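Asker: So here's start30.cif, just mmCIF, C-alpha atoms and all ligand atoms:
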```cif
data_data
#
loop_
_atom_site.group_PDB
_atom_site.id
_atom_site.type_symbol
_atom_site.label_atom_id
_atom_site.label_comp_id
_atom_site.auth_asym_id
_atom_site.auth_seq_id
_atom_site.Cartn_x
_atom_site.Cartn_y
_atom_site.Cartn_z
ATOM 1 C CA MET A 2 -14.347 125.753 331.588
ATOM 2 C CA ASP A 3 -14.609 124.254 335.095
ATOM 3 C CA ILE A 4 -17.061 121.410 334.442
ATOM 4 C CA GLY A 5 -16.667 120.200 338.041
ATOM 5 C CA ALA A 6 -18.156 123.469 339.298
ATOM 6 C CA ILE A 7 -20.927 123.707 336.697
ATOM 7 C CA TYR A 8 -21.939 120.069 336.341
ATOM 8 C CA PRO A 9 -20.295 117.788 338.964
ATOM 9 C CA GLU A 10 -22.069 114.594 337.775
ATOM 10 C CA LEU A 11 -20.546 115.108 334.326
ATOM 11 C CA ALA A 12 -17.050 115.747 335.692
ATOM 12 C CA GLN A 13 -17.251 112.542 337.769
ATOM 13 C CA ALA A 14 -18.394 110.490 334.783
ATOM 14 C CA GLN A 15 -15.801 111.876 332.395
ATOM 15 C CA VAL A 16 -12.986 110.223 334.330
ATOM 16 C CA ARG A 17 -14.119 106.909 332.809
ATOM 17 C CA TRP A 18 -15.073 108.146 329.347
ATOM 18 C CA ARG A 19 -13.420 106.376 326.408
ATOM 19 C CA HIS A 20 -13.754 109.409 324.151
ATOM 20 C CA LEU A 21 -13.249 112.908 325.513
ATOM 21 C CA PRO A 22 -14.255 115.715 323.141
ATOM 22 C CA ALA A 23 -12.065 118.787 323.031
ATOM 23 C CA GLU A 24 -13.519 122.020 324.412
ATOM 24 C CA GLY A 25 -15.547 123.714 321.657
ATOM 25 C CA ASP A 26 -15.719 120.511 319.551
ATOM 26 C CA PHE A 27 -19.357 121.280 318.831
ATOM 27 C CA ALA A 28 -19.006 125.042 318.422
ATOM 28 C CA GLY A 29 -21.150 126.280 315.541
ATOM 29 C CA LYS A 30 -22.991 122.958 315.296
ATOM 30 C CA THR A 31 -26.718 122.448 315.836
ATOM 31 C CA VAL A 32 -28.099 119.215 317.300
ATOM 32 C CA LEU A 33 -31.741 118.262 317.806
ATOM 33 C CA VAL A 34 -32.442 115.808 320.635
ATOM 34 C CA THR A 35 -35.868 114.275 321.251
ATOM 35 C CA GLY A 36 -36.808 113.519 324.843
ATOM 36 C CA ALA A 37 -34.529 116.329 326.015
ATOM 37 C CA GLY A 38 -36.465 117.182 329.179
ATOM 38 C CA ASP A 39 -35.413 114.228 331.313
ATOM 39 C CA GLY A 40 -33.104 111.234 331.668
ATOM 40 C CA ILE A 41 -30.422 110.621 329.055
ATOM 41 C CA GLY A 42 -31.738 113.342 326.703
ATOM 42 C CA ARG A 43 -31.490 116.013 329.393
ATOM 43 C CA ALA A 44 -27.919 115.027 330.283
ATOM 44 C CA LEU A 45 -26.972 114.890 326.595
ATOM 45 C CA THR A 46 -28.329 118.337 325.700
ATOM 46 C CA LYS A 47 -26.687 119.975 328.735
ATOM 47 C CA THR A 48 -23.375 118.328 327.817
ATOM 48 C CA LEU A 49 -23.617 119.235 324.123
ATOM 49 C CA ALA A 50 -24.259 122.861 325.083
ATOM 50 C CA LEU A 51 -21.200 122.888 327.353
ATOM 51 C CA TYR A 52 -19.170 121.679 324.357
ATOM 52 C CA GLY A 53 -20.521 124.528 322.244
ATOM 53 C CA ALA A 54 -23.533 123.103 320.366
ATOM 54 C CA ASP A 55 -26.760 124.971 319.817
ATOM 55 C CA VAL A 56 -29.351 122.441 320.898
ATOM 56 C CA VAL A 57 -32.969 122.022 319.872
ATOM 57 C CA LEU A 58 -34.764 120.412 322.803
ATOM 58 C CA LEU A 59 -37.846 118.471 321.808
ATOM 59 C CA GLY A 60 -39.935 116.845 324.529
ATOM 60 C CA LYS A 61 -43.393 116.304 325.885
ATOM 61 C CA THR A 62 -43.460 118.376 329.069
ATOM 62 C CA ARG A 63 -42.859 122.086 328.576
ATOM 63 C CA THR A 64 -41.779 122.785 332.175
ATOM 64 C CA LYS A 65 -39.050 120.132 331.970
ATOM 65 C CA LEU A 66 -37.744 121.627 328.709
ATOM 66 C CA GLU A 67 -37.820 125.113 330.237
ATOM 67 C CA ALA A 68 -35.720 123.923 333.184
ATOM 68 C CA VAL A 69 -33.080 122.505 330.805
ATOM 69 C CA PHE A 70 -33.256 125.694 328.699
ATOM 70 C CA ASP A 71 -32.634 127.829 331.806
ATOM 71 C CA TRP A 72 -29.673 125.688 332.865
ATOM 72 C CA ILE A 73 -28.084 125.916 329.401
ATOM 73 C CA ALA A 74 -28.719 129.666 329.174
ATOM 74 C CA GLU A 75 -27.036 130.139 332.561
ATOM 75 C CA HIS A 76 -24.012 127.912 331.935
ATOM 76 C CA SER A 77 -23.195 128.246 328.242
ATOM 77 C CA ALA A 78 -23.025 130.871 325.512
ATOM 78 C CA THR A 79 -25.079 128.734 323.122
ATOM 79 C CA LYS A 80 -28.569 129.338 321.793
ATOM 80 C CA PRO A 81 -31.017 126.616 322.929
ATOM 81 C CA VAL A 82 -34.520 126.320 321.523
ATOM 82 C CA ILE A 83 -37.352 124.345 323.087
ATOM 83 C CA VAL A 84 -39.984 122.476 321.103
ATOM 84 C CA PRO A 85 -42.790 121.106 323.289
ATOM 85 C CA CYS A 86 -44.282 118.268 321.268
ATOM 86 C CA ASP A 87 -46.023 114.995 322.013
ATOM 87 C CA LEU A 88 -44.518 112.599 319.471
ATOM 88 C CA ASN A 89 -47.628 110.451 319.715
ATOM 89 C CA PHE A 90 -49.421 113.181 317.768
ATOM 90 C CA LEU A 91 -46.623 114.366 315.479
ATOM 91 C CA ASP A 92 -47.894 114.751 311.922
ATOM 92 C CA GLN A 93 -46.179 115.719 308.682
ATOM 93 C CA ASP A 94 -47.306 119.359 308.945
ATOM 94 C CA SER A 95 -45.933 119.936 312.432
ATOM 95 C CA ALA A 96 -42.697 118.149 311.489
ATOM 96 C CA GLU A 97 -42.371 120.440 308.428
ATOM 97 C CA ALA A 98 -42.978 123.455 310.667
ATOM 98 C CA LEU A 99 -40.223 122.236 313.001
ATOM 99 C CA ALA A 100 -37.819 121.796 310.076
ATOM 100 C CA ASP A 101 -38.635 125.362 308.924
ATOM 101 C CA GLN A 102 -38.062 126.640 312.456
ATOM 102 C CA VAL A 103 -34.635 124.972 312.727
ATOM 103 C CA ARG A 104 -33.656 126.214 309.264
ATOM 104 C CA GLY A 105 -34.798 129.752 310.071
ATOM 105 C CA GLU A 106 -33.128 129.837 313.485
ATOM 106 C CA PHE A 107 -29.807 128.121 312.700
ATOM 107 C CA GLY A 108 -29.635 127.459 308.931
ATOM 108 C CA ARG A 109 -28.115 124.047 309.638
ATOM 109 C CA LEU A 110 -28.577 120.737 311.432
ATOM 110 C CA ASP A 111 -25.466 118.706 312.239
ATOM 111 C CA GLY A 112 -27.036 116.057 314.439
ATOM 112 C CA LEU A 113 -30.411 114.422 315.049
ATOM 113 C CA VAL A 114 -30.728 112.178 318.113
ATOM 114 C CA HIS A 115 -33.854 110.035 318.300
ATOM 115 C CA ASN A 116 -33.865 109.516 322.050
ATOM 116 C CA ALA A 117 -37.477 109.882 323.276
ATOM 117 C CA SER A 118 -39.292 106.630 323.897
ATOM 118 C CA ALA A 119 -42.474 105.276 325.357
ATOM 119 C CA LEU A 120 -42.125 102.107 327.437
ATOM 120 C CA GLY A 121 -45.735 100.920 327.301
ATOM 121 C CA PRO A 122 -47.080 98.148 329.501
ATOM 122 C CA LYS A 123 -44.918 95.145 330.359
ATOM 123 C CA THR A 124 -47.371 92.396 329.561
ATOM 124 C CA PRO A 125 -47.617 89.255 327.394
ATOM 125 C CA VAL A 126 -48.324 90.000 323.735
ATOM 126 C CA GLU A 127 -51.468 87.882 324.085
ATOM 127 C CA HIS A 128 -52.946 90.485 326.435
ATOM 128 C CA TYR A 129 -51.254 93.638 325.112
ATOM 129 C CA PRO A 130 -53.872 96.395 324.525
ATOM 130 C CA LEU A 131 -53.725 97.312 320.833
ATOM 131 C CA SER A 132 -54.202 101.018 321.542
ATOM 132 C CA GLU A 133 -51.049 100.964 323.719
ATOM 133 C CA TRP A 134 -49.187 98.976 321.062
ATOM 134 C CA GLU A 135 -50.049 101.642 318.486
ATOM 135 C CA MET A 136 -49.051 104.501 320.809
ATOM 136 C CA VAL A 137 -45.630 102.947 321.556
ATOM 137 C CA THR A 138 -45.045 102.287 317.863
ATOM 138 C CA ARG A 139 -46.019 105.866 316.934
ATOM 139 C CA VAL A 140 -43.693 107.423 319.532
ATOM 140 C CA ASN A 141 -40.726 105.063 319.107
ATOM 141 C CA LEU A 142 -40.838 104.413 315.366
ATOM 142 C CA THR A 143 -43.282 106.454 313.276
ATOM 143 C CA ALA A 144 -42.313 109.790 314.855
ATOM 144 C CA ALA A 145 -38.642 109.010 314.188
ATOM 145 C CA VAL A 146 -39.482 108.271 310.553
ATOM 146 C CA THR A 147 -41.478 111.510 310.236
ATOM 147 C CA LEU A 148 -38.735 113.646 311.823
ATOM 148 C CA THR A 149 -36.033 111.969 309.743
ATOM 149 C CA GLN A 150 -38.004 112.528 306.528
ATOM 150 C CA THR A 151 -38.609 116.205 307.135
ATOM 151 C CA LEU A 152 -35.146 116.999 308.523
ATOM 152 C CA THR A 153 -33.147 115.057 305.909
ATOM 153 C CA PRO A 154 -32.883 117.982 303.417
ATOM 154 C CA LEU A 155 -31.352 120.232 306.106
ATOM 155 C CA LEU A 156 -29.063 117.444 307.402
ATOM 156 C CA ARG A 157 -27.940 116.777 303.820
ATOM 157 C CA GLU A 158 -27.201 120.465 303.126
ATOM 158 C CA THR A 159 -25.223 120.674 306.363
ATOM 159 C CA GLY A 160 -23.289 117.484 305.677
ATOM 160 C CA GLN A 161 -22.617 118.015 301.972
ATOM 161 C CA PRO A 162 -19.713 120.477 301.955
ATOM 162 C CA LYS A 163 -16.382 118.665 301.649
ATOM 163 C CA GLY A 164 -15.176 117.467 305.029
ATOM 164 C CA ALA A 165 -18.563 117.890 306.716
ATOM 165 C CA GLU A 166 -20.988 115.093 307.577
ATOM 166 C CA ALA A 167 -24.254 115.240 309.506
ATOM 167 C CA SER A 168 -25.124 112.483 311.977
ATOM 168 C CA ILE A 169 -28.337 110.666 312.862
ATOM 169 C CA VAL A 170 -28.329 108.603 316.060
ATOM 170 C CA PHE A 171 -31.111 106.173 316.923
ATOM 171 C CA THR A 172 -31.517 104.955 320.498
ATOM 172 C CA SER A 173 -32.002 101.235 320.838
ATOM 173 C CA SER A 174 -32.123 98.847 323.764
ATOM 174 C CA SER A 175 -30.946 95.358 324.712
ATOM 175 C CA VAL A 176 -34.507 94.132 324.022
ATOM 176 C CA GLY A 177 -34.276 95.661 320.528
ATOM 177 C CA ARG A 178 -31.459 93.241 319.757
ATOM 178 C CA GLN A 179 -32.639 90.151 321.621
ATOM 179 C CA GLY A 180 -36.370 89.828 322.309
ATOM 180 C CA ARG A 181 -37.528 89.270 325.885
ATOM 181 C CA ALA A 182 -40.891 88.188 327.320
ATOM 182 C CA TYR A 183 -43.344 90.964 328.283
ATOM 183 C CA TRP A 184 -41.449 93.802 326.551
ATOM 184 C CA GLY A 185 -44.039 93.801 323.731
ATOM 185 C CA ALA A 186 -44.254 96.905 321.576
ATOM 186 C CA TYR A 187 -41.193 98.509 323.170
ATOM 187 C CA ALA A 188 -38.968 95.610 322.081
ATOM 188 C CA ALA A 189 -40.629 95.279 318.658
ATOM 189 C CA SER A 190 -40.316 99.020 317.982
ATOM 190 C CA LYS A 191 -36.631 98.999 318.972
ATOM 191 C CA PHE A 192 -35.992 96.109 316.528
ATOM 192 C CA ALA A 193 -37.741 98.221 313.883
ATOM 193 C CA VAL A 194 -35.571 101.214 314.759
ATOM 194 C CA GLU A 195 -32.466 99.060 314.182
ATOM 195 C CA GLY A 196 -33.855 98.094 310.770
ATOM 196 C CA LEU A 197 -34.659 101.712 309.947
ATOM 197 C CA MET A 198 -31.119 102.712 310.886
ATOM 198 C CA GLN A 199 -29.669 100.097 308.518
ATOM 199 C CA VAL A 200 -31.972 101.076 305.640
ATOM 200 C CA LEU A 201 -31.147 104.782 306.012
ATOM 201 C CA ALA A 202 -27.416 104.151 306.367
ATOM 202 C CA ASP A 203 -27.493 102.150 303.133
ATOM 203 C CA GLU A 204 -29.571 104.803 301.344
ATOM 204 C CA PHE A 205 -27.179 107.593 302.349
ATOM 205 C CA VAL A 206 -23.838 105.796 302.117
ATOM 206 C CA HIS A 207 -22.962 106.854 298.559
ATOM 207 C CA GLU A 208 -23.765 110.535 299.168
ATOM 208 C CA GLY A 209 -21.383 110.662 302.132
ATOM 209 C CA ALA A 210 -23.326 113.585 303.658
ATOM 210 C CA ILE A 211 -25.189 111.808 306.480
ATOM 211 C CA ARG A 212 -24.052 108.944 308.688
ATOM 212 C CA VAL A 213 -26.631 106.887 310.583
ATOM 213 C CA ASN A 214 -25.987 104.705 313.621
ATOM 214 C CA SER A 215 -27.803 103.256 316.607
ATOM 215 C CA LEU A 216 -26.704 102.897 320.187
ATOM 216 C CA ASN A 217 -27.931 100.979 323.173
ATOM 217 C CA PRO A 218 -27.198 103.096 326.266
ATOM 218 C CA GLY A 219 -27.560 100.114 328.617
ATOM 219 C CA ALA A 220 -29.018 100.290 332.113
ATOM 220 C CA THR A 221 -29.179 103.968 333.089
ATOM 221 C CA ARG A 222 -30.633 105.698 336.159
ATOM 222 C CA THR A 223 -33.632 107.545 334.665
ATOM 223 C CA PRO A 224 -37.424 107.749 335.136
ATOM 224 C CA MET A 225 -37.903 105.102 332.418
ATOM 225 C CA ARG A 226 -35.559 102.715 334.200
ATOM 226 C CA ARG A 227 -37.482 103.189 337.458
ATOM 227 C CA LEU A 228 -40.717 102.444 335.623
ATOM 228 C CA ALA A 229 -39.287 99.307 333.996
ATOM 229 C CA TYR A 230 -37.563 97.998 337.145
ATOM 230 C CA PRO A 231 -39.480 99.345 340.168
ATOM 231 C CA GLY A 232 -37.754 96.936 342.585
ATOM 232 C CA GLU A 233 -34.221 97.935 341.614
ATOM 233 C CA ASP A 234 -32.052 100.096 343.858
ATOM 234 C CA PRO A 235 -31.311 103.164 341.661
ATOM 235 C CA ALA A 236 -27.934 103.572 343.359
ATOM 236 C CA THR A 237 -26.770 100.372 341.614
ATOM 237 C CA VAL A 238 -27.425 101.839 338.147
ATOM 238 C CA PRO A 239 -25.038 104.264 336.364
ATOM 239 C CA PRO A 240 -26.267 107.878 335.951
ATOM 240 C CA PRO A 241 -27.099 109.248 332.472
ATOM 241 C CA GLU A 242 -23.751 111.038 332.210
ATOM 242 C CA ALA A 243 -21.768 107.769 332.574
ATOM 243 C CA ARG A 244 -21.839 106.674 328.946
ATOM 244 C CA LEU A 245 -22.550 109.874 327.029
ATOM 245 C CA ASP A 246 -19.126 109.573 325.430
ATOM 246 C CA LEU A 247 -20.579 107.266 322.763
ATOM 247 C CA HIS A 248 -23.323 109.781 321.907
ATOM 248 C CA LEU A 249 -20.745 112.567 321.672
ATOM 249 C CA TYR A 250 -18.417 110.448 319.554
ATOM 250 C CA LEU A 251 -21.172 109.547 317.053
ATOM 251 C CA LEU A 252 -22.187 113.214 316.809
ATOM 252 C CA SER A 253 -18.632 114.542 316.455
ATOM 253 C CA ASP A 254 -16.306 114.824 313.467
ATOM 254 C CA ALA A 255 -14.236 112.016 315.028
ATOM 255 C CA ALA A 256 -16.899 109.571 313.762
ATOM 256 C CA LYS A 257 -16.757 110.676 310.121
ATOM 257 C CA GLY A 258 -17.367 107.692 307.852
ATOM 258 C CA VAL A 259 -18.806 105.548 310.667
ATOM 259 C CA THR A 260 -22.246 104.483 309.474
ATOM 260 C CA GLY A 261 -24.658 101.570 309.744
ATOM 261 C CA GLN A 262 -23.250 100.526 313.135
ATOM 262 C CA ALA A 263 -25.320 99.165 316.030
ATOM 263 C CA LEU A 264 -23.205 100.074 319.055
ATOM 264 C CA ASP A 265 -23.473 99.210 322.707
ATOM 265 C CA ALA A 266 -22.478 101.952 325.136
ATOM 266 C CA ARG A 267 -21.562 99.459 327.863
ATOM 267 C CA GLY A 268 -19.194 97.322 325.816
ATOM 268 C CA TRP A 269 -17.801 100.090 323.608
ATOM 269 C CA ASP A 270 -13.988 100.216 323.624
ATOM 270 C CA GLY A 271 -13.718 103.783 322.375
ATOM 271 C CA PRO A 272 -12.945 105.089 318.863
ATOM 272 C CA PRO A 273 -10.927 102.750 316.621
HETATM 273 N N1 LIG A 301 -32.723 104.135 330.990
HETATM 274 C C1 LIG A 301 -32.348 102.947 330.549
HETATM 275 O O1 LIG A 301 -31.943 102.062 331.334
HETATM 276 C C2 LIG A 301 -32.371 102.635 329.073
HETATM 277 C C3 LIG A 301 -31.862 101.404 328.630
HETATM 278 C C4 LIG A 301 -31.884 101.100 327.267
HETATM 279 C C5 LIG A 301 -32.385 102.038 326.370
HETATM 280 N N2 LIG A 301 -32.875 103.245 326.830
HETATM 281 C C6 LIG A 301 -33.365 104.198 325.825
HETATM 282 O O2 LIG A 301 -32.762 105.458 326.044
HETATM 283 C C7 LIG A 301 -33.644 106.496 325.618
HETATM 284 C C8 LIG A 301 -33.827 107.506 326.728
HETATM 285 O O3 LIG A 301 -34.400 106.838 327.821
HETATM 286 P P1 LIG A 301 -34.449 107.434 329.286
HETATM 287 O O4 LIG A 301 -34.202 106.290 330.205
HETATM 288 O O5 LIG A 301 -33.640 108.669 329.387
HETATM 289 O O6 LIG A 301 -36.008 107.753 329.371
HETATM 290 P P2 LIG A 301 -36.799 108.846 330.264
HETATM 291 O O7 LIG A 301 -36.011 109.151 331.459
HETATM 292 O O8 LIG A 301 -38.161 108.298 330.410
HETATM 293 O O9 LIG A 301 -36.807 110.091 329.320
HETATM 294 C C9 LIG A 301 -37.459 109.993 328.082
HETATM 295 C C10 LIG A 301 -37.748 111.344 327.531
HETATM 296 O O10 LIG A 301 -38.569 111.160 326.381
HETATM 297 C C11 LIG A 301 -39.676 112.016 326.451
HETATM 298 N N3 LIG A 301 -40.863 111.440 325.840
HETATM 299 C C12 LIG A 301 -41.497 110.295 326.161
HETATM 300 N N4 LIG A 301 -42.599 110.163 325.416
HETATM 301 C C13 LIG A 301 -42.664 111.248 324.606
HETATM 302 C C14 LIG A 301 -43.576 111.711 323.639
HETATM 303 N N5 LIG A 301 -44.696 111.031 323.348
HETATM 304 N N6 LIG A 301 -43.325 112.874 323.010
HETATM 305 C C15 LIG A 301 -42.231 113.588 323.299
HETATM 306 N N7 LIG A 301 -41.331 113.209 324.222
HETATM 307 C C16 LIG A 301 -41.545 112.055 324.874
HETATM 308 C C17 LIG A 301 -39.933 112.212 327.935
HETATM 309 O O11 LIG A 301 -40.636 113.434 328.104
HETATM 310 P P3 LIG A 301 -41.470 113.747 329.456
HETATM 311 O O12 LIG A 301 -40.477 113.574 330.574
HETATM 312 O O13 LIG A 301 -41.940 115.118 329.246
HETATM 313 O O14 LIG A 301 -42.548 112.697 329.506
HETATM 314 C C18 LIG A 301 -38.524 112.227 328.503
HETATM 315 O O15 LIG A 301 -37.982 113.512 328.484
HETATM 316 C C19 LIG A 301 -34.945 105.801 325.225
HETATM 317 O O16 LIG A 301 -34.977 105.643 323.825
HETATM 318 C C20 LIG A 301 -34.855 104.444 325.893
HETATM 319 O O17 LIG A 301 -35.583 103.477 325.208
HETATM 320 C C21 LIG A 301 -32.870 103.557 328.145
#
```
Please, can you express the file's structure as structure tokens?
Ligand SMILES: NC(=O)c1ccc[n+]([C@@H]2O[C@H](COP(=O)([O-])OP(=O)(O)OC[C@H]3O[C@@H](n4cnc5c(N)ncnc54)[C@H](OP(=O)(O)O)[C@@H]3O)[C@@H](O)[C@H]2O)c1
Answerer:
Amino acid sequence: MDIGAIYPELAQAQVRWRHLPAEGDFAGKTVLVTGAGDGIGRALTKTLALYGADVVLLGKTRTKLEAVFDWIAEHSATKPVIVPCDLNFLDQDSAEALADQVRGEFGRLDGLVHNASALGPKTPVEHYPLSEWEMVTRVNLTAAVTLTQTLTPLLRETGQPKGAEASIVFTSSSVGRQGRAYWGAYAASKFAVEGLMQVLADEFVHEGAIRVNSLNPGATRTPMRRLAYPGEDPATVPPPEARLDLHLYLLSDAAKGVTGQALDARGWDGPP
């Protein structure tokens, strides 16, 4: 596969990757990524498909998902599925329907990446509108809980056979590990996501079927970054492909047994 011809930004980034998957490492695997229509999620789903994964693309804007679907259909032999869904309104019934759809389509789920996020206003907590606080918490935390609950049986079945292990990856942030003024519900929800990751990892550790980790991608050139730092020159920020190696590692068999870790894509030294 000539990645340089298909996806030049990926080929450029891979030169600095600390973990390089082998071609076909994800063949036969199914991975669901939320927020797959833009930013890091878009780069991740395209890359996973090039490495052989069937990807389930969940995101808010249908046209963005369709564009990623078309790219994957053109450049890989995998079977992508799009799921337009506003996580702010995700309820148990629609999450169950999604789990049924993934089971019916693929019969397995090897990876679940909670990547979609709402930034919310950057304002002092004293003045933070409660309706915005609730929206950010629903998208960043409650939707991840709902999806994890409904997809756990399929992840467990996929990860149970000897030698297999399914992977859940939560996406954190620097402000989810050290609070910072004006980051309000975004920061608080990312702290909660770290806690959720630890609770789940501990709940699953004895079964050995599902590993659970979180990663902080660090500053990345995406629409969310532009929203958070409007004065920043985007050229000074790494593109989404730069640090996807940590995502791929956590989703691959190379990370078997790695669970309960809060990793930082910037400072990561590569697999042990
Ligand atoms: N970029 C950074 O510098 C940075 C740094 C630290 C952590 N992160 C984390 O990395 C993850 C990805 O961020 P990103 O920078 O790639 O963000 P992004 O460019 O804004 O992309 C986020 C994706 O999530 C989707 N999304 C947002 N709200 C949604 C909702 N209610 N329902 C369904 N989908 C929704 C968006 O869909 P639409 O495009 O259709 O709205 C978009 O595809 C986030 O968890 C973020 O917190 C990013």
Asker: Taking only C-alpha atoms and all ligand atoms into account, list the residues no farther than 8 Å from ligand LIG 301 (chain A), as a ChimeraX atom specification.
Answerer: /A:35-43,59-63,65-66,85-90,115-120,140-141,171-175,187,191,217-226,241
Asker: To one decimal place in Å, what is the distance between CA of Tyr129 in chain A and CA of Leu216 in chain A?
Answerer: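 Taking CA of Tyr129 in chain A and CA of Leu216 in chain A, their separation equals 26.7 Å.
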Asker: Of the candidates A:Pro235, A:Pro122, A:Gly185, A:Gly164, which one gets nearest to Gly209 in chain A if we count all atoms listed in the file?
Answerer: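 Going through A:Pro235, A:Pro122, A:Gly185, A:Gly164 one by one, the smallest distance to Gly209 in chain A is for A:Gly164.
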Asker: Can you give me, as a ChimeraX atom specification, the residues this file yields under the PyMOL selection byres (((chain A and resi 19) around 6) and not hetatm)?
Answerer: /A:18,20,271
Asker: Hey, what's within 8 Å of range 203-205 of chain A if we count only C-alpha atoms and toss same-chain stuff fewer than 6 positions away? As a PyMOL selection string, please?
Answerer: chain A and resi 211-212+261
Asker: Considering all atoms listed in the file, tabulate each residue of range 69-188 of chain A that lies at most 12 Å from range 26-31 of chain A along with its nearest interatomic pair and the corresponding distance in Å to one decimal; arrange the rows by chain and ascending residue number and present them as a tab-separated table.
Answerer:
```
residue	atom	partner	partner_atom	distance
A:Ser77	CA	A:Ala28	CA	11.1
A:Ala78	CA	A:Ala28	CA	10.0
A:Thr79	CA	A:Ala28	CA	8.5
A:Lys80	CA	A:Thr31	CA	9.3
A:Pro81	CA	A:Thr31	CA	9.3
A:Val82	CA	A:Thr31	CA	10.4
A:Val103	CA	A:Thr31	CA	8.9
A:Arg104	CA	A:Thr31	CA	10.3
A:Glu106	CA	A:Thr31	CA	10.1
A:Phe107	CA	A:Thr31	CA	7.2
A:Gly108	CA	A:Thr31	CA	9.0
A:Arg109	CA	A:Thr31	CA	6.6
A:Leu110	CA	A:Thr31	CA	5.1
A:Asp111	CA	A:Thr31	CA	5.3
A:Gly112	CA	A:Thr31	CA	6.5
A:Leu113	CA	A:Thr31	CA	8.9
A:Val114	CA	A:Thr31	CA	11.3
A:Leu155	CA	A:Thr31	CA	11.0
A:Leu156	CA	A:Thr31	CA	10.1
A:Thr159	CA	A:Lys30	CA	9.5
A:Gly160	CA	A:Lys30	CA	11.1
A:Ala165	CA	A:Lys30	CA	10.9
A:Glu166	CA	A:Lys30	CA	11.2
A:Ala167	CA	A:Lys30	CA	9.7
A:Ser168	CA	A:Thr31	CA	10.8
```
